[in-house]
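J.: Structure file start.txt, compact mmCIF, C-alpha atoms, is pasted below:
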# COMPACT_ATOMS: atom_id res chain seq x y z
CA MET A 1 15.63 16.98 5.98
CA PRO A 2 12.65 19.30 6.35
CA SER A 3 14.27 22.57 7.20
CA GLY A 4 17.18 22.40 4.81
CA ALA A 5 15.80 20.30 2.00
CA GLN A 6 17.73 20.80 -1.20
CA PHE A 7 15.90 20.95 -4.51
CA TYR A 8 17.78 20.26 -7.68
CA GLN A 9 17.07 21.18 -11.26
CA SER A 10 16.45 18.01 -13.26
CA GLN A 11 19.55 18.59 -15.36
CA GLY A 12 21.66 19.06 -12.22
CA ARG A 13 23.01 16.60 -9.69
CA GLY A 14 20.77 15.06 -7.01
CA HIS A 15 21.93 13.40 -3.80
CA GLY A 16 20.98 10.02 -5.25
CA ARG A 17 19.43 8.53 -2.13
CA GLY A 18 16.12 7.53 -3.70
CA ASN A 19 15.57 4.40 -5.76
CA ARG A 20 15.59 5.37 -9.42
CA SER A 21 13.55 2.42 -10.61
CA SER A 22 10.25 3.35 -12.21
CA ALA A 23 6.86 2.51 -10.75
CA GLN A 24 5.06 -0.63 -11.82
CA PRO A 25 2.88 0.00 -14.87
CA ARG A 26 -0.76 0.47 -14.09
CA GLY A 27 -3.56 -1.21 -15.96
CA SER A 28 -1.73 -4.53 -16.27
CA ALA A 29 -3.78 -7.73 -16.28
CA PRO A 30 -4.52 -9.12 -12.81
CA ARG A 31 -2.52 -12.11 -11.71
CA GLN A 32 -4.40 -15.38 -12.10
CA THR A 33 -5.10 -17.31 -8.93
CA HIS A 34 -5.71 -21.02 -8.52
CA ALA A 35 -7.70 -22.86 -5.94
CA VAL A 36 -5.57 -24.47 -3.25
CA PRO A 37 -6.55 -28.01 -2.29
CA PRO A 38 -7.56 -28.33 1.37
CA LEU A 39 -4.76 -29.31 3.72
CA PRO A 40 -5.04 -32.34 6.02
CA PRO A 41 -6.34 -31.72 9.55
CA PRO A 42 -3.70 -30.68 12.12
CA GLN A 43 -3.54 -34.06 13.84
CA ALA A 44 -2.64 -35.75 10.54
CA GLN A 45 0.66 -33.83 10.34
CA PRO A 46 3.19 -35.01 12.95
CA LEU A 47 5.25 -32.32 14.63
CA PRO A 48 8.99 -32.58 13.88
CA PRO A 49 11.44 -33.03 16.77
CA PRO A 50 13.56 -30.09 18.00
CA GLN A 51 16.63 -29.27 15.92
CA GLN A 52 19.39 -28.72 18.45
CA PRO A 53 22.48 -26.96 17.05
CA ALA A 54 25.84 -28.64 17.01
CA GLU A 55 28.26 -27.49 19.70
CA ASP A 56 30.73 -25.85 17.31
CA GLU A 57 27.90 -24.08 15.46
CA GLN A 58 26.40 -22.94 18.75
CA ASP A 59 29.70 -21.53 20.01
CA GLU A 60 30.25 -19.62 16.77
CA ASP A 61 26.78 -18.05 16.99
CA ASP A 62 27.33 -17.15 20.63
CA GLU A 63 30.49 -15.25 19.77
CA GLU A 64 28.70 -13.29 17.09
CA HIS A 65 25.64 -12.65 19.27
CA PRO A 66 26.81 -12.44 22.91
CA ALA A 67 23.24 -12.29 24.24
CA LYS A 68 22.31 -15.60 22.61
CA ARG A 69 22.21 -18.85 24.53
CA TYR A 70 20.49 -22.10 23.68
CA ARG A 71 17.93 -23.08 26.28
CA ALA A 72 17.48 -26.79 25.64
CA GLU A 73 15.65 -27.31 28.90
CA ASP A 74 12.85 -25.00 27.71
CA ASP A 75 12.21 -26.26 24.16
CA GLU A 76 9.48 -28.69 25.17
CA LEU A 77 6.26 -28.00 23.28
CA LYS A 78 3.60 -26.54 25.56
CA ASP A 79 0.64 -26.56 23.15
CA GLU A 80 0.51 -29.17 20.37
CA GLU A 81 -2.70 -27.80 18.83
CA TRP A 82 -1.17 -24.33 18.48
CA ALA A 83 2.03 -25.79 17.00
CA ALA A 84 0.07 -27.89 14.51
CA ALA A 85 -1.83 -24.80 13.38
CA MET A 86 1.48 -22.93 12.97
CA TRP A 87 2.98 -25.70 10.83
CA MET A 88 -0.06 -25.53 8.56
CA LEU A 89 0.13 -21.78 7.87
CA ASP A 90 -0.35 -21.28 4.14
CA PRO A 91 -0.77 -17.76 2.71
CA ARG A 92 -2.40 -19.23 -0.42
CA ALA A 93 -5.21 -20.89 1.53
CA SER A 94 -8.72 -19.50 1.42
CA MET A 95 -10.51 -18.30 4.53
CA ALA A 96 -12.63 -21.47 4.49
CA THR A 97 -9.53 -23.65 4.33
CA MET A 98 -7.85 -21.77 7.17
CA ALA A 99 -11.00 -22.12 9.25
CA ALA A 100 -11.05 -25.87 8.55
CA ASN A 101 -7.39 -26.12 9.52
CA GLY A 102 -7.98 -24.25 12.76
CA ASN A 103 -5.60 -21.37 12.01
CA LYS A 104 -7.82 -18.55 10.72
CA HIS A 105 -7.38 -16.81 14.08
CA LEU A 106 -3.61 -16.82 13.42
CA TYR A 107 -4.22 -15.05 10.11
CA ASP A 108 -6.29 -12.36 11.85
CA GLU A 109 -3.71 -11.89 14.59
CA ILE A 110 -0.73 -11.80 12.22
CA ARG A 111 -2.52 -9.30 9.96
CA ASN A 112 -2.90 -6.98 12.93
CA ILE A 113 0.74 -7.55 13.94
CA THR A 114 2.12 -6.68 10.51
CA ARG A 115 0.10 -3.46 10.49
CA LEU A 116 1.49 -2.50 13.91
CA CYS A 117 5.01 -3.33 12.67
CA GLY A 118 4.81 -0.67 9.99
CA GLY A 119 3.69 -2.71 7.00
CA HIS A 120 6.12 -3.93 4.39
CA GLN A 121 9.22 -2.20 5.77
CA ALA A 122 10.00 -5.15 8.08
CA ASN A 123 12.26 -8.10 7.20
CA TYR A 124 10.26 -10.72 9.06
CA THR A 125 12.81 -13.55 8.80
CA SER A 126 15.45 -11.42 10.48
CA LEU A 127 12.96 -9.84 12.89
CA LEU A 128 11.74 -13.23 14.15
CA SER A 129 15.20 -14.81 14.28
CA GLN A 130 16.71 -11.90 16.21
CA GLY A 131 13.65 -11.56 18.43
CA ILE A 132 13.58 -15.22 19.43
CA MET A 133 17.32 -15.14 20.01
CA ASN A 134 17.17 -12.27 22.50
CA TYR A 135 13.57 -12.20 23.71
CA ASP A 136 14.42 -12.69 27.39
CA VAL A 137 17.57 -10.58 27.52
CA ASN A 138 17.14 -7.39 29.53
CA LYS A 139 17.03 -4.52 27.07
CA ASP A 140 19.38 -2.55 29.29
CA ASN A 141 21.98 -5.32 29.08
CA PRO A 142 25.03 -3.84 27.30
CA ASP A 143 25.57 -7.23 25.63
CA HIS A 144 22.27 -6.88 23.80
CA PRO A 145 23.08 -6.46 20.06
CA TYR A 146 20.78 -3.43 19.96
CA TRP A 147 23.32 -1.27 21.78
CA GLN A 148 25.94 -1.95 19.11
CA CYS A 149 23.79 -0.47 16.31
CA LYS A 150 23.98 3.11 15.10
CA ASP A 151 21.37 2.77 12.32
CA TYR A 152 17.83 1.44 12.26
CA ASN A 153 18.85 -2.00 10.96
CA ASN A 154 17.33 -5.48 11.31
CA VAL A 155 18.67 -5.92 14.85
CA VAL A 156 17.02 -2.68 15.97
CA LYS A 157 13.79 -3.65 14.21
CA ALA A 158 13.72 -6.91 16.18
CA TYR A 159 14.39 -5.04 19.43
CA MET A 160 11.55 -2.60 18.73
CA LEU A 161 9.00 -4.83 16.99
CA PHE A 162 9.32 -8.39 18.29
CA PRO A 163 7.49 -7.43 21.52
CA VAL A 164 4.46 -6.81 19.25
CA PHE A 165 4.55 -10.50 18.29
CA LEU A 166 4.85 -11.51 21.94
CA GLN A 167 1.90 -9.31 22.88
CA TYR A 168 -0.53 -10.15 20.09
CA LEU A 169 0.32 -13.72 19.01
CA PRO A 170 -1.15 -16.03 21.66
CA TYR A 171 1.02 -18.88 22.99
CA LEU A 172 4.14 -17.62 21.22
CA ARG A 173 5.89 -16.80 24.48
CA ASP A 174 4.98 -20.17 26.01
CA ASN A 175 6.31 -22.06 22.99
CA ILE A 176 9.09 -19.71 21.93
CA GLU A 177 11.92 -22.18 22.55
CA TYR A 178 10.11 -24.80 20.51
CA ILE A 179 9.64 -22.49 17.52
CA GLY A 180 13.21 -21.22 17.91
CA SER A 181 14.55 -24.77 17.62
CA HIS A 182 12.82 -25.20 14.23
CA LYS A 183 14.28 -22.90 11.60
CA LEU A 184 11.75 -24.09 9.04
CA LEU A 185 8.89 -23.01 11.27
CA VAL A 186 10.46 -19.56 11.75
CA GLN A 187 10.80 -19.26 7.97
CA LYS A 188 7.20 -20.40 7.46
CA LEU A 189 5.92 -17.78 9.89
CA ALA A 190 8.08 -15.08 8.26
CA GLN A 191 6.86 -15.97 4.76
CA PHE A 192 3.29 -15.94 5.99
CA CYS A 193 3.85 -12.45 7.42
CA ASP A 194 5.27 -11.25 4.10
CA LYS A 195 2.18 -12.44 2.25
CA VAL A 196 -0.32 -11.22 4.82
CA VAL A 197 1.21 -7.74 4.94
CA LYS A 198 0.35 -7.24 1.27
CA LYS A 199 -3.31 -8.02 1.99
CA SER A 200 -3.44 -5.79 5.06
CA HIS A 201 -1.71 -3.06 3.06
CA GLY A 202 -4.57 -3.16 0.56
CA ASN A 203 -7.08 -3.06 3.41
CA ASN A 204 -5.39 0.03 4.85
CA ILE A 205 -5.55 1.79 1.49
CA GLY A 206 -9.22 0.92 1.16
CA ARG A 207 -9.97 2.19 4.65
CA LEU A 208 -8.16 5.46 4.01
CA LYS A 209 -10.03 6.05 0.76
CA LEU A 210 -13.25 6.09 2.76
CA HIS A 211 -11.99 8.53 5.39
CA VAL A 212 -9.27 10.64 3.76
CA VAL A 213 -11.56 13.59 2.91
CA ALA A 214 -12.85 13.80 6.48
CA ILE A 215 -9.33 13.35 7.90
CA THR A 216 -7.73 15.93 5.62
CA GLN A 217 -10.53 18.50 5.82
CA PHE A 218 -9.65 19.99 2.44
CA LYS A 219 -10.54 23.64 2.08
CA ASP A 220 -11.19 23.26 -1.65
CA ALA A 221 -13.98 20.81 -2.50
CA ARG A 222 -12.27 20.00 -5.81
CA LEU A 223 -9.70 18.00 -3.86
CA THR A 224 -12.24 15.27 -3.20
CA ARG A 225 -11.16 14.07 -6.68
CA LYS A 226 -7.73 12.49 -6.71
CA ALA A 227 -6.93 13.91 -10.15
CA ASN A 228 -6.75 17.39 -8.61
CA ARG A 229 -4.22 16.54 -5.89
CA ARG A 230 -0.42 16.33 -5.60
CA MET A 231 1.22 19.24 -7.45
CA ASN A 232 -1.98 20.09 -9.29
CA HIS A 233 -3.21 22.08 -6.31
CA LEU A 234 -1.41 24.40 -3.92
CA GLU A 235 -3.14 22.93 -0.84
CA THR A 236 -1.90 19.35 -1.37
CA ALA A 237 1.47 20.58 -2.63
CA GLU A 238 2.03 22.44 0.65
CA MET A 239 1.28 19.22 2.55
CA LEU A 240 3.69 17.11 0.47
CA LEU A 241 6.59 19.56 0.32
CA PRO A 242 9.08 20.34 3.12
CA CYS A 243 8.12 22.87 5.79
CA LEU A 244 8.04 26.58 4.99
CA LEU A 245 9.65 26.08 1.59
CA PRO A 246 10.76 29.59 0.49
CA GLN A 247 10.52 28.86 -3.26
CA LEU A 248 6.88 27.84 -2.90
CA ARG A 249 5.99 30.82 -0.75
CA ALA A 250 7.70 33.27 -3.12
CA ASP A 251 6.06 32.05 -6.34
CA PRO A 252 3.47 29.29 -5.72
CA GLU A 253 2.23 28.75 -9.27
CA GLY A 254 5.65 29.12 -10.87
CA PHE A 255 7.20 26.62 -8.46
CA LEU A 256 4.35 24.14 -8.97
CA ASP A 257 4.96 24.35 -12.73
CA LEU A 258 8.58 23.38 -12.12
CA LEU A 259 7.45 20.43 -10.02
CA ARG A 260 4.89 19.27 -12.56
CA THR A 261 7.46 19.36 -15.36
CA ASN A 262 10.11 17.55 -13.24
CA ASN A 263 12.43 20.55 -13.27
CA VAL A 264 12.52 20.32 -9.49
CA ARG A 265 13.10 16.95 -7.82
CA ILE A 266 11.70 15.81 -4.47
CA PHE A 267 13.56 12.95 -2.77
CA SER A 268 12.61 10.38 -0.14
CA SER A 269 14.69 12.25 2.45
CA ASP A 270 12.77 15.52 1.93
CA TRP A 271 10.28 15.23 4.76
CA PRO A 272 6.86 16.78 4.07
CA THR A 273 4.94 19.26 6.17
CA ILE A 274 2.34 16.64 7.14
CA MET A 275 4.91 14.99 9.42
CA TYR A 276 5.11 18.02 11.72
CA ASP A 277 3.02 19.85 14.25
CA MET A 278 3.74 23.29 12.84
CA SER A 279 2.99 24.94 16.20
CA LEU A 280 6.09 23.14 17.54
CA TYR A 281 8.24 23.19 14.41
CA CYS A 282 11.46 25.24 14.53
CA PRO A 283 13.24 26.10 11.25
CA GLY A 284 16.69 24.53 11.20
CA GLN A 285 15.72 21.85 13.76
CA ASN A 286 14.36 18.44 12.83
CA LYS A 287 13.05 17.17 16.16
CA PRO A 288 10.42 19.65 17.49
CA GLY A 289 6.98 18.56 16.29
CA PHE A 290 8.38 15.51 14.43
CA LEU A 291 5.68 12.86 13.66
CA ARG A 292 3.12 15.01 15.51
CA GLY A 293 1.21 16.59 12.63
CA LYS A 294 -2.56 16.51 13.20
CA PHE A 295 -3.26 15.04 9.76
CA LEU A 296 -0.62 12.32 10.29
CA LEU A 297 -1.87 11.37 13.76
CA ASN A 298 -5.43 11.14 12.45
CA MET A 299 -4.17 8.81 9.74
CA VAL A 300 -2.42 6.65 12.34
CA LYS A 301 -5.55 6.45 14.48
CA THR A 302 -7.63 5.51 11.45
CA ILE A 303 -5.27 2.68 10.49
CA PHE A 304 -4.29 1.37 13.91
CA THR A 305 -7.04 0.54 16.35
CA GLY A 306 -5.96 1.12 19.93
CA PHE A 307 -3.06 3.37 18.87
CA SER A 308 -1.03 4.97 21.68
CA SER A 309 0.34 8.40 20.84
CA THR A 310 3.45 7.65 22.93
CA ASP A 311 4.61 4.91 20.52
CA VAL A 312 4.59 6.57 17.14
CA ALA A 313 7.81 5.74 15.24
CA GLU A 314 6.97 2.60 13.22
CA PRO A 315 3.20 3.23 12.85
CA GLY A 316 3.92 6.91 12.19
CA ALA A 317 6.44 6.19 9.45
CA TYR A 318 4.11 3.75 7.74
CA ALA A 319 1.14 6.12 8.08
CA ALA A 320 3.24 8.95 6.64
CA ALA A 321 3.90 6.85 3.54
CA LEU A 322 0.19 6.06 3.20
CA ALA A 323 -0.64 9.73 3.79
CA HIS A 324 1.71 10.64 0.95
CA PHE A 325 -0.15 8.19 -1.30
CA THR A 326 -3.57 9.67 -0.49
CA LEU A 327 -2.35 13.10 -1.61
CA THR A 328 -0.99 11.86 -4.96
CA LEU A 329 -2.75 11.19 -8.25
CA TYR A 330 -2.32 7.40 -8.11
CA SER A 331 -5.50 5.31 -7.97
CA LYS A 332 -3.53 2.15 -7.10
CA TRP A 333 -0.65 1.80 -4.68
CA SER A 334 2.86 2.45 -5.98
CA ASP A 335 6.12 2.42 -4.00
CA MET A 336 7.35 5.21 -6.26
CA ASP A 337 6.13 8.78 -6.72
CA GLY A 338 7.96 10.03 -9.77
CA ASN A 339 11.56 8.92 -10.23
CA ASP A 340 13.05 10.16 -6.96
CA TRP A 341 10.60 9.41 -4.13
CA ASN A 342 10.60 5.81 -2.90
CA CYS A 343 8.30 4.62 -0.13
CA ARG A 344 10.79 2.16 1.40
CA ASP A 345 13.59 4.73 1.46
CA PHE A 346 11.20 7.31 2.93
CA ILE A 347 10.27 5.00 5.82
CA LYS A 348 13.90 4.02 6.41
CA PHE A 349 15.04 7.65 6.64
CA ILE A 350 12.31 8.39 9.19
CA LEU A 351 13.19 5.37 11.35
CA ASP A 352 16.93 6.05 11.11
CA PHE A 353 16.28 9.54 12.48
CA ALA A 354 13.88 8.29 15.16
CA HIS A 355 16.43 5.68 16.26
Written as structure tokens, how would this file's structure read?

T.:
Amino acid sequence: MPSGAQFYQSQGRGHGRGNRSSAQPRGSAPRQTHAVPPLPPPQAQPLPPPQQPAEDEQDEDDEEHPAKRYRAEDDELKDEEWAAAMWMLDPRASMATMAANGNKHLYDEIRNITRLCGGHQANYTSLLSQGIMNYDVNKDNPDHPYWQCKDYNNVVKAYMLFPVFLQYLPYLRDNIEYIGSHKLLVQKLAQFCDKVVKKSHGNNIGRLKLHVVAITQFKDARLTRKANRRMNHLETAEMLLPCLLPQLRADPEGFLDLLRTNNVRIFSSDWPTIMYDMSLYCPGQNKPGFLRGKFLLNMVKTIFTGFSSTDVAEPGAYAAALAHFTLTLYSKWSDMDGNDWNCRDFIKFILDFAH
């Protein structure tokens, strides 16, 4: 945590929370892509009938998820054109093919949704399944699975993020019982989200590269070059390291040498200064100023159009990970920074605390 972050000598014992796998090698040959043949028009693909669960299977699910109930009277399809476009979702299709199939607008909407859901930290199969299961259950209902969760797990993600799907994916609410009665369609939508999020992730990185210098307002002009950032410069090091770190303040250059030679380890749970509004930060307390740093909020506003500062957890966690990347030496995205900092763990620790 920021105020009491522990730093370990490389030959000592770390807390082991980060993923120790190494980053993907850079400079590898790009993956070959193949043209995808155009799909048939929507009307040529008949819509499958609803898949109603067996009674014994339904009862077993209801015991596990007390808020769940099958609403057979509501599973009638309200919009066949929308459903046909959903069945034809294909992440491999080109923009021209999606336009011909009538579902390019779904790609645009889902790309925006995955960005608002915090990028690649979401498990979309679980998020959609849980969200559809409990979409009309009052969130204050004590039977809602959310209230049984102590950690930021897949149930909590669905509770927090599925409303984004309902808000930004047209006709989903009207046809939610239909899509819920077709597991294959839920899986298709989830797989499409997983693929789209990788593309939107690249778009976010590209957007930040254009604006990071203006957002950061570096004092030293040399920091406009990525090779001078991370632990190669005191200014970016102070942004990436925990708040008011005494070792850094006592001997800046000596401590940076230890960091550069991996004699000091920084873990995913060591929250950096950029996550805090330092005018509100209190040493020894994690909450004051949390996710309110000016640099971080500017990153969020750059990535998320129409961002509301009152709803900052998921977008803030994702933006914090991207902010970390912009301050490193990497020219291409990597989930790892060194051996001990892992992007996915970093986001999870933030959301666990926020939850």

J.: If we count all atoms listed in the file, what is near region 321-334 of chain A at a cut-off of 8 Å, once residues fewer than 4 positions away on the same chain are taken out, given as a list in words?

T.: Ala23, Gln24, Arg26, Ile205, Leu208, Lys209, Val212, Lys226, Ala227, Asn228, Arg229, Arg230, Thr236, Leu240, Leu296, Met299, Ala317, Cys343, Phe346 and Ile347 of chain A

J.: Point out the residue among A:Met231, A:Met275, A:Leu106, A:Leu89 with the least atom-to-atom distance to Val186 (chain A), counting all atoms listed in the file.

T.: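 Of the candidates, the smallest distance to Val186 (chain A) is held by A:Leu89.
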
J.: Determine, counting only C-alpha atoms, which protein, DNA and RNA residues have an atom within 9 Å of an atom of Leu77 (chain A); residues of the same chain fewer than 5 positions away are not included. Present the result as a ChimeraX atom specification.

T.: /A:83,174-179

J.: For CA of Met239 (chain A) and CA of Leu258 (chain A), determine how far apart the two atoms are, in Å to one decimal place.

T.: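 Pair CA of Met239 (chain A) / CA of Leu258 (chain A) returns 16.9 Å.
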
J.: Could you please determine the separation between CA of Cys117 (chain A) and CA of Lys157 (chain A) in Å, to one decimal place?

T.: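 Atom-to-atom, CA of Cys117 (chain A) and CA of Lys157 (chain A) are spaced 8.9 Å apart.
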
J.: Which is closer to Asn232 (chain A) than all the others in A:Ile274, A:Leu259, A:Met336, A:Leu185, using all atoms listed in the file?

T.: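 Smallest distance to Asn232 (chain A) is found for A:Leu259.
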
J.: Would you work out the distance separating CA of Val213 (chain A) from CA of Arg225 (chain A), expressed in Å to one decimal?

T.: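 About the pair CA of Val213 (chain A) and CA of Arg225 (chain A): they are 9.6 Å apart.
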